[in-house]
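Engineer: Hey, dropping final37.tsv in here, TSV, C-alpha atoms:
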```tsv
chain	number	residue	atom	x	y	z
A	1	MET	CA	0.00	0.00	0.00
A	2	LYS	CA	1.25	3.42	-0.96
A	3	VAL	CA	-1.05	6.36	-0.34
A	4	LEU	CA	-0.26	10.07	-0.36
A	5	LEU	CA	-3.12	12.14	1.10
A	6	THR	CA	-2.88	15.88	0.49
A	7	SER	CA	-4.88	19.10	0.53
A	8	CYS	CA	-3.37	20.50	-2.66
A	9	GLY	CA	-1.46	17.75	-4.44
A	10	LEU	CA	2.26	17.82	-5.11
A	11	GLU	CA	2.40	21.40	-3.83
A	12	THR	CA	5.88	21.42	-2.30
A	13	LYS	CA	9.32	20.03	-3.02
A	14	LYS	CA	9.03	17.77	0.03
A	15	ILE	CA	5.71	16.26	-1.13
A	16	LYS	CA	6.99	15.83	-4.68
A	17	GLU	CA	10.11	14.05	-3.36
A	18	ALA	CA	7.95	11.78	-1.19
A	19	PHE	CA	5.83	10.91	-4.24
A	20	LEU	CA	8.89	10.12	-6.36
A	21	GLN	CA	10.33	7.93	-3.61
A	22	MET	CA	7.03	6.05	-3.22
A	23	LEU	CA	6.82	5.68	-7.01
A	24	GLY	CA	10.25	4.07	-7.11
A	25	LYS	CA	10.75	4.18	-10.87
A	26	SER	CA	11.56	6.59	-13.66
A	27	THR	CA	8.76	9.04	-14.32
A	28	LEU	CA	9.44	8.67	-18.04
A	29	ASP	CA	8.16	5.08	-17.77
A	30	THR	CA	5.30	5.90	-15.39
A	31	ARG	CA	1.66	5.43	-16.37
A	32	ALA	CA	-0.84	7.55	-14.42
A	33	LEU	CA	-4.62	7.35	-14.11
A	34	PHE	CA	-6.07	10.83	-13.57
A	35	ILE	CA	-9.55	10.91	-12.00
A	36	PRO	CA	-11.23	14.36	-12.12
A	37	THR	CA	-14.68	13.04	-11.07
A	38	ALA	CA	-15.02	15.15	-7.89
A	39	ALA	CA	-14.64	18.41	-9.85
A	40	THR	CA	-18.33	19.25	-10.25
A	41	ASP	CA	-18.30	23.02	-9.69
A	42	ALA	CA	-16.48	25.92	-11.33
A	43	ASP	CA	-13.87	26.32	-8.58
A	44	ALA	CA	-12.88	22.64	-8.62
A	45	ILE	CA	-12.87	22.50	-12.41
A	46	ALA	CA	-10.56	25.54	-12.50
A	47	VAL	CA	-7.99	23.60	-10.41
A	48	LEU	CA	-7.87	20.57	-12.74
A	49	PRO	CA	-5.05	21.97	-14.95
A	50	LYS	CA	-2.93	22.48	-11.81
A	51	CYS	CA	-3.61	18.87	-10.80
A	52	MET	CA	-2.64	17.57	-14.24
A	53	ASN	CA	0.47	19.74	-14.06
A	54	ASP	CA	1.45	17.97	-10.81
A	55	LEU	CA	2.04	14.83	-12.85
A	56	LEU	CA	3.61	16.60	-15.80
A	57	LYS	CA	6.07	18.63	-13.69
A	58	CYS	CA	7.30	15.38	-12.13
A	59	GLY	CA	8.29	14.23	-15.61
A	60	ILE	CA	5.41	11.90	-16.45
A	61	PRO	CA	4.83	12.23	-20.21
A	62	LYS	CA	1.40	13.53	-21.21
A	63	GLU	CA	0.82	10.46	-23.38
A	64	ASN	CA	1.29	8.27	-20.27
A	65	ILE	CA	-1.60	9.94	-18.42
A	66	GLN	CA	-5.11	8.57	-18.95
A	67	VAL	CA	-8.17	10.50	-17.77
A	68	PHE	CA	-10.85	8.28	-16.22
A	69	ASP	CA	-14.14	9.75	-14.99
A	70	LEU	CA	-15.66	6.72	-13.21
A	71	HIS	CA	-18.56	6.18	-15.60
A	72	ARG	CA	-17.81	2.48	-15.24
A	73	ASN	CA	-15.72	0.19	-13.10
A	74	MET	CA	-12.15	-0.52	-14.05
A	75	PRO	CA	-11.26	-4.12	-13.15
A	76	VAL	CA	-8.20	-4.44	-10.95
A	77	ASP	CA	-6.23	-6.20	-13.72
A	78	GLU	CA	-6.75	-3.14	-15.93
A	79	LEU	CA	-6.03	-0.77	-13.02
A	80	LYS	CA	-2.72	-2.53	-12.28
A	81	ALA	CA	-1.40	-1.28	-15.64
A	82	PHE	CA	-1.06	2.14	-13.96
A	83	ASP	CA	1.76	3.07	-11.61
A	84	VAL	CA	-0.22	5.82	-9.88
A	85	VAL	CA	-3.85	6.81	-9.49
A	86	TYR	CA	-4.42	10.56	-8.96
A	87	LEU	CA	-7.79	11.44	-7.36
A	88	CYS	CA	-8.61	15.14	-7.80
A	89	GLY	CA	-10.52	17.37	-5.41
A	90	GLY	CA	-14.03	18.75	-5.50
A	91	ARG	CA	-17.22	17.33	-4.03
A	92	THR	CA	-16.30	14.46	-1.71
A	93	SER	CA	-19.76	12.89	-1.50
A	94	TYR	CA	-20.09	12.81	-5.30
A	95	LEU	CA	-16.66	11.19	-5.75
A	96	LEU	CA	-17.29	8.59	-3.06
A	97	GLY	CA	-20.74	7.83	-4.46
A	98	ARG	CA	-19.32	7.26	-7.95
A	99	ILE	CA	-16.53	5.06	-6.58
A	100	ASN	CA	-19.04	2.92	-4.67
A	101	ASP	CA	-21.79	2.86	-7.32
A	102	SER	CA	-19.46	1.96	-10.20
A	103	GLY	CA	-17.78	-0.90	-8.34
A	104	PHE	CA	-14.44	0.93	-8.52
A	105	ARG	CA	-14.15	0.68	-4.73
A	106	GLU	CA	-13.21	-3.01	-4.84
A	107	SER	CA	-10.75	-2.47	-7.70
A	108	LEU	CA	-9.08	0.49	-5.99
A	109	LEU	CA	-8.76	-1.29	-2.64
A	110	ALA	CA	-7.34	-4.41	-4.34
A	111	TYR	CA	-4.91	-2.18	-6.27
A	112	LEU	CA	-3.72	-0.70	-2.97
A	113	ARG	CA	-3.39	-4.12	-1.31
A	114	GLU	CA	-1.20	-5.21	-4.22
A	115	GLY	CA	1.18	-2.26	-3.79
A	116	GLY	CA	-0.47	0.35	-6.03
A	117	LEU	CA	0.17	4.05	-5.42
A	118	VAL	CA	-2.65	6.56	-4.93
A	119	ILE	CA	-2.44	10.34	-4.59
A	120	GLY	CA	-5.48	11.98	-3.05
A	121	VAL	CA	-6.08	15.70	-3.36
A	122	SER	CA	-8.65	17.31	-1.02
A	123	ALA	CA	-11.85	15.30	-1.71
A	124	GLY	CA	-9.60	12.59	-3.15
A	125	SER	CA	-8.01	12.35	0.31
A	126	LEU	CA	-11.19	12.66	2.38
A	127	ILE	CA	-12.72	9.52	0.84
A	128	PHE	CA	-10.14	7.44	2.72
A	129	ALA	CA	-11.12	8.85	6.14
A	130	ASN	CA	-14.13	8.64	8.41
A	131	ASN	CA	-15.71	11.87	7.13
A	132	LEU	CA	-18.59	10.15	5.30
A	133	PRO	CA	-20.43	6.84	5.58
A	134	ASP	CA	-19.24	4.08	3.23
A	135	ASN	CA	-15.78	5.68	3.01
A	136	LEU	CA	-12.79	3.63	1.86
A	137	GLY	CA	-11.85	2.83	5.46
A	138	LEU	CA	-8.17	3.63	5.49
A	139	LEU	CA	-8.27	6.05	8.45
A	140	ASP	CA	-10.52	5.46	11.44
A	141	THR	CA	-10.84	9.18	12.10
A	142	LYS	CA	-11.89	12.30	10.29
A	143	LEU	CA	-9.45	14.11	8.06
A	144	ASP	CA	-9.56	17.88	7.62
A	145	VAL	CA	-7.82	19.46	4.62
A	146	HIS	CA	-6.91	23.04	3.73
A	147	CYS	CA	-6.19	23.83	7.39
A	148	GLU	CA	-4.06	26.68	8.65
A	149	SER	CA	-1.64	24.18	10.18
A	150	SER	CA	-1.24	20.43	10.39
A	151	SER	CA	-2.15	18.69	13.64
A	152	ILE	CA	0.79	16.28	13.44
A	153	ILE	CA	4.18	16.41	11.77
A	154	GLY	CA	6.29	13.27	11.70
A	155	LYS	CA	5.29	9.72	12.62
A	156	VAL	CA	1.58	9.18	13.26
A	157	SER	CA	0.72	7.01	16.29
A	158	PHE	CA	-2.25	4.65	16.35
A	159	PRO	CA	-4.93	4.37	17.52
A	160	LEU	CA	-5.76	7.87	16.38
A	161	GLN	CA	-7.18	9.99	19.19
A	162	ARG	CA	-8.60	12.91	17.20
A	163	ASN	CA	-9.18	14.31	13.73
A	164	ILE	CA	-6.12	14.80	11.60
A	165	ARG	CA	-5.62	18.22	10.05
A	166	LEU	CA	-3.50	18.79	6.95
A	167	SER	CA	-2.31	22.20	5.82
A	168	ASN	CA	-2.06	23.05	2.14
A	169	THR	CA	1.66	22.23	2.28
A	170	ALA	CA	1.28	18.86	4.04
A	171	ALA	CA	0.91	15.25	2.99
A	172	MET	CA	0.13	12.09	4.89
A	173	LEU	CA	2.30	9.24	3.60
A	174	ILE	CA	0.84	5.79	4.27
A	175	GLU	CA	2.77	2.63	3.48
A	176	SER	CA	1.28	0.40	6.16
A	177	ILE	CA	-1.09	1.06	9.05
A	178	PRO	CA	-0.14	1.48	11.86
A	179	GLU	CA	3.57	0.86	11.32
A	180	ASN	CA	4.49	3.31	8.59
A	181	VAL	CA	2.39	6.49	8.54
A	182	GLN	CA	3.85	9.96	8.67
A	183	ILE	CA	2.94	13.53	7.87
A	184	VAL	CA	5.38	15.83	6.11
A	185	ASP	CA	4.87	19.58	5.99
A	186	ASP	CA	6.98	22.49	4.78
```
As structure tokens, please, write out the structure in this file.

Structural biologist:
Amino acid sequence: MKVLLTSCGLETKKIKEAFLQMLGKSTLDTRALFIPTAATDADAIAVLPKCMNDLLKCGIPKENIQVFDLHRNMPVDELKAFDVVYLCGGRTSYLLGRINDSGFRESLLAYLREGGLVIGVSAGSLIFANNLPDNLGLLDTKLDVHCESSSIIGKVSFPLQRNIRLSNTAAMLIESIPENVQIVDD
């Protein structure tokens, strides 16, 4: 499991370096699945080019990025062809509903269990926490994004005692729960 939960994506050098380390391969050979589904209003749609640029500025070629809007399930065997899944921000309940209704939930969770890498941005991060019913169940607490400051920096101890807050310059790196979870922030 490799999950990078953020408020604003690969916003800082530290977050970008964490992503590249988790990726563990040349970005020139990286295939990315870009999921803009949560972007249902003008503000979220306006941020989509910045999100796409996160992948491009890391060196992933444009032709290696596939946009997928969750109009259907993607079987895990098809999903495993991608080195990273990038879940954009927007309306959390809409994104989670589409993930659950399309059957993508099972594929995404299997992808993670088999070592797949997921980047969550804002709503794309919140779906993994206890903010909504039928969430993806990664964190047994609520996650708050776009906060003035992060509630924890460094290793995260379990069981979690309170909500976790992430600033716009923070990322929660999850490689195994509870052993290897940390929050980096600039």

Engineer: What is the atom CA of A:Leu173 to atom CA of A:Ala39 distance in Å?

Structural biologist: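 Rounded to one decimal, the two atoms are 23.5 Å apart.
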
Engineer: Skip A:Gln21 itself and residues of its chain fewer than 2 positions away, then list as an MDAnalysis selection string all residues within 12 Å of it, counting only C-alpha atoms.

Structural biologist: chainID A and resid 2:4 14:19 23:27 58 117 173 175

Engineer: Taking 2 positions as the minimum chain separation for residues in the same chain, which residues sit within 10 Å of A:Leu55 when counting all atoms listed in the file? Answer as a list in words.

Structural biologist: Gly9, Leu10, Lys16, Thr27, Thr30, Ala32, Phe34, Lys50, Cys51, Met52, Asn53, Lys57, Cys58, Gly59, Ile60, Pro61, Lys62, Asn64, Ile65, Val84 and Tyr86 of chain A

Engineer: Work out how far apart atom CA of A:Asp144 and atom CA of A:Leu5 are and give it in Å to one decimal.

Structural biologist: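 Atom CA of A:Asp144 sits 10.8 Å away from atom CA of A:Leu5.
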
Engineer: Just checking: using only C-alpha atoms, which residue out of A:His146, A:Ser167, A:Gly90, A:Gln161 ends up closest to A:Asp41?

Structural biologist: A:Gly90

Engineer: Which residue is closest to A:Gly103? Choose from A:Met74, A:Val67, A:Val121, A:Leu87 and count only C-alpha atoms.

Structural biologist: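 When distances to A:Gly103 are compared using only C-alpha atoms, the smallest one comes from A:Met74.
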
Engineer: Residues near A:Lys155, anyone? I mean within 7 Å using only C-alpha atoms, not counting same-chain ones fewer than 6 positions away, as a short mmCIF file (atom, residue, chain, number, x, y, z; two decimals) with C-alpha atoms, in the frame of the given file.

Structural biologist:
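Below is the file part.cif, written as the result:
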```
data_model
loop_
_atom_site.label_atom_id
_atom_site.label_comp_id
_atom_site.auth_asym_id
_atom_site.auth_seq_id
_atom_site.Cartn_x
_atom_site.Cartn_y
_atom_site.Cartn_z
CA VAL A 181 2.39 6.49 8.54
CA GLN A 182 3.85 9.96 8.67
CA ILE A 183 2.94 13.53 7.87
#
```

Engineer: With all atoms listed in the file as the atoms that count, which of A:Ile35, A:Arg162, A:Leu139, A:Gln66 lies nearest to A:Gly120?

Structural biologist: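 Of all the options, A:Ile35 lies closest to A:Gly120.
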
Engineer: Name all residues at most 7 Å from A:Val184 (count all atoms listed in the file; drop same-chain ones fewer than 6 positions away) and give them as a PyMOL selection string.

Structural biologist: chain A and resi 153-154+170-172

Engineer: Atom CA of A:Ala38 and atom CA of A:Ser93, how far apart in Å?

Structural biologist: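 Atom CA of A:Ala38 lies 8.3 Å from atom CA of A:Ser93.
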
Engineer: Which of these residues is nearest to A:Leu136, using all atoms listed in the file: A:Asn180, A:Thr6, A:Ser107, A:Ser149?

Structural biologist: A:Ser107

Engineer: Ranking A:Lys80, A:Asn100, A:Gly137, A:Ile174 by minimum distance to A:Glu114 and counting only C-alpha atoms, which one comes first?

Structural biologist: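 Checking each candidate against A:Glu114, we get A:Lys80 as the closest.
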
Engineer: Which residues are near A:Leu108? Cut-off 9 Å, all atoms listed in the file, ignore same chain within fewer than 5 positions. Put them as a list in words.

Structural biologist: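 In the requested form, the answer reads Met74, Pro75, Val76, Leu79, Val85, Ile99, Arg113, Gly116 and Val118 of chain A.
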
Engineer: Which residue is closest to A:Arg72? Choose from A:Glu11, A:Thr141, A:Thr169, A:Asp101 and count all atoms listed in the file.

Structural biologist: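 Once distances to A:Arg72 are computed over all atoms listed in the file, the minimum belongs to A:Asp101.
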
Engineer: Kindly provide, as AutoDock Vina command-line options, the centre and edge lengths (Å, one decimal) of an axis-aligned box around all atoms of stretch 140-145 of chain A given in the file, with 4 Å on each side.

Structural biologist:
```
--center_x -9.9 --center_y 12.5 --center_z 8.4 --size_x 12.1 --size_y 22.0 --size_z 15.5
```
